[in-house]
Amino acid sequence: MENLPIISATNVVKTYRSRDVVVHALNDVTFEVSQGEMVAVMGPSGSGKTTLLNCISGLDSIDSGDVSIAGQLLRTMSDDALSDYRASSMGFVFQAYNLLPVLSAQENVELPLVLAGNSQRVAREKAVEKLDLVGLGDRIDHLPAELSGGQQQRVAIARALANDPAIVWADEPTGNLDSTNASEIMELLVRLNKEEGQTFVLVTHSEDVGGMTDRIVRMSDGIVVSASDETGDFSSVSSMDSGATTATSDSSDS
Ligand code: ADP
Ligand code: MG
């Protein structure tokens, strides 16, 4: 219990309504992530993993429930305050890298630094430092098209780390990579988690990827069905007793 949760989601509900179809994408989800933890969210396609990431990081709104990040209740923050907070304290990595094709690796990493108000000179220095950190110090002038998929994802990771965020969110970060590149990217993320102490929440389909994290949260049909702790230390899942059990339909826990 000594590790305070940096992320705390309680009874989160998110429903998508498009024309006559109603999708219960998150159906009363409760979970916590401790500071410095690396958590994998796993589950079948369509089970709500991306929705969970988007809702808990404040990228998307929720219908009911509460999300707190570092003790701040997201629903009490204005849109502007929330986007400032995201920009300064969170980094995002996506499956498709999402780099700007006309900008070099360095310029892609500079962008969030300039947006955060750093001078061009400071942005340049920090961008080079982050590209060094991910092993791309010799590729800073390359355009995305001149880099391999694994290298592009490293640039995206450097960009996510640019402002030294407390939390890094990654949605299938290795989904477009072959197994060799996928394990190199995962080794990089694990190293960053250990060395920089940042909290990582990553969505993955891969048991290999999930197995490299501290803990796997499993989702099915919009609910968290288990939050097992791979290390055998259950202190970080205080809100969802007895880890590996299967939650039945709705309500029940807390
Ligand atoms: P996963 O990432 O686990 O594959 P998602 O979170 O993307 O799953 O989707 C969960 C469910 O919500 C799916 O049934 C999906 O079709 C639905 N969904 C996701 N985004 C939207 C949206 N913007 N509008 C309507 N339905 C959506
Ligand atoms: Mg998804």
# chains A, B, ... in the order shown; residues from 1 in each chain; ligands from 1
call {"tool": "residues_around", "arguments": {"residues": "stretch 33-46 of chain A", "least_positions_apart": "4", "cutoff": "9 Å", "atoms": "only C-alpha atoms", "output": "short mmCIF file (atom, residue, chain, number, x, y, z; two decimals) with C-alpha atoms, in the first residue's frame"}}
result
data_model
loop_
_atom_site.label_atom_id
_atom_site.label_comp_id
_atom_site.auth_asym_id
_atom_site.auth_seq_id
_atom_site.Cartn_x
_atom_site.Cartn_y
_atom_site.Cartn_z
CA ASN A 3 2.91 3.12 -3.42
CA LEU A 4 0.19 5.65 -4.07
CA PRO A 5 -1.67 5.09 -7.31
CA ILE A 6 -0.70 7.59 -9.99
CA ILE A 7 -3.72 6.47 -12.04
CA SER A 8 -7.01 5.62 -10.40
CA ALA A 9 -10.13 4.75 -12.39
CA ALA A 25 -17.18 -0.08 -24.65
CA THR A 50 -8.09 1.55 -26.82
CA LEU A 52 -9.76 2.41 -21.81
CA LEU A 53 -6.50 4.11 -22.72
CA ALA A 70 -1.68 12.07 -9.64
CA ALA A 166 5.17 11.12 -15.61
CA ILE A 167 3.05 8.67 -17.62
CA VAL A 190 11.37 -1.62 -20.07
CA ASN A 193 10.63 2.41 -17.16
CA LYS A 194 13.45 1.18 -14.92
CA GLU A 196 13.61 7.02 -15.76
CA GLY A 197 10.98 5.72 -13.32
CA GLN A 198 8.14 6.68 -15.62
CA THR A 199 4.81 4.90 -15.40
CA PHE A 200 3.85 2.94 -18.53
CA VAL A 201 0.42 1.73 -19.56
CA LEU A 202 0.56 -0.20 -22.79
CA VAL A 203 -2.01 -2.06 -24.82
CA THR A 204 -0.85 -5.18 -26.55
CA HIS A 205 -2.07 -8.34 -28.27
CA SER A 206 1.22 -10.09 -27.66
CA GLU A 207 1.70 -12.38 -24.65
CA VAL A 209 5.09 -8.17 -24.79
CA GLY A 210 2.71 -8.50 -21.85
CA GLY A 211 5.12 -10.89 -20.15
CA MET A 212 7.82 -8.20 -20.09
CA THR A 213 5.70 -5.85 -17.97
CA ASP A 214 5.09 -5.81 -14.20
CA ARG A 215 1.42 -6.67 -14.49
CA ILE A 216 -1.24 -7.65 -17.03
CA VAL A 217 -4.76 -6.24 -16.90
CA ARG A 218 -7.09 -8.39 -19.00
CA MET A 219 -10.20 -7.01 -20.64
CA SER A 220 -13.18 -8.74 -22.20
CA ASP A 221 -16.34 -7.08 -23.54
CA GLY A 222 -15.69 -3.77 -21.82
CA SER A 236 -0.59 -2.36 -6.40
CA VAL A 237 -4.02 -3.85 -7.04
#
call {"tool": "residues_around", "arguments": {"residues": "A:Glu110", "least_positions_apart": "5", "cutoff": "9 Å", "atoms": "only C-alpha atoms", "output": "list of chain:residue names"}}
result
A:Ala105, A:Leu115, A:Gln120, A:Ala123, A:Arg124, A:Glu125, A:Lys126, A:Ala127, A:Val128, A:Arg159, A:Ala162
call {"tool": "select_by_dssp", "arguments": {"residues": "stretch 6-189 of chain A", "states": "alpha helix (DSSP H)", "output": "PyMOL selection string"}}
result
chain A and resi 49-56+79-89+105-115+120-133+149-161+179-189
call {"tool": "residues_around", "arguments": {"residues": "A:Leu74", "least_positions_apart": "2", "cutoff": "12 Å", "atoms": "only C-alpha atoms", "output": "ChimeraX atom specification"}}
result
/A:7-10,55-62,64-72,76-83,85-86
call {"tool": "select_by_dssp", "arguments": {"residues": "stretch 33-248 of chain A", "states": "strand (DSSP E)", "output": "MDAnalysis selection string"}}
result
chainID A and resid 33:34 38:42 64:69 72:73 90:94 167:171 199:203 215:220 223:229
call {"tool": "residues_around", "arguments": {"residues": "A:Ser183", "least_positions_apart": "4", "cutoff": "10 Å", "atoms": "only C-alpha atoms", "output": "PyMOL selection string"}}
result
chain A and resi 174+177-179+187-189+208-209+212
call {"tool": "atom_distance", "arguments": {"atom1": "atom 18 (N, counted along the ligand's line) of ligand 1", "atom2": "atom CA of A:Asn27"}}
result
12.8 Å
call {"tool": "closest_residue", "arguments": {"among": "A:Val224, A:Ala182, A:Leu131, A:Leu161", "to": "ligand 1", "atoms": "only C-alpha atoms and all ligand atoms"}}
result
A:Val224
call {"tool": "closest_residue", "arguments": {"among": "A:Asp171, A:Glu32, A:Arg19, A:Leu26", "to": "A:Ser47", "atoms": "only C-alpha atoms"}}
result
A:Leu26
call {"tool": "closest_residue", "arguments": {"among": "A:His24, A:Ser119, A:Leu99, A:Thr30", "to": "A:Pro144", "atoms": "only C-alpha atoms"}}
result
A:Leu99
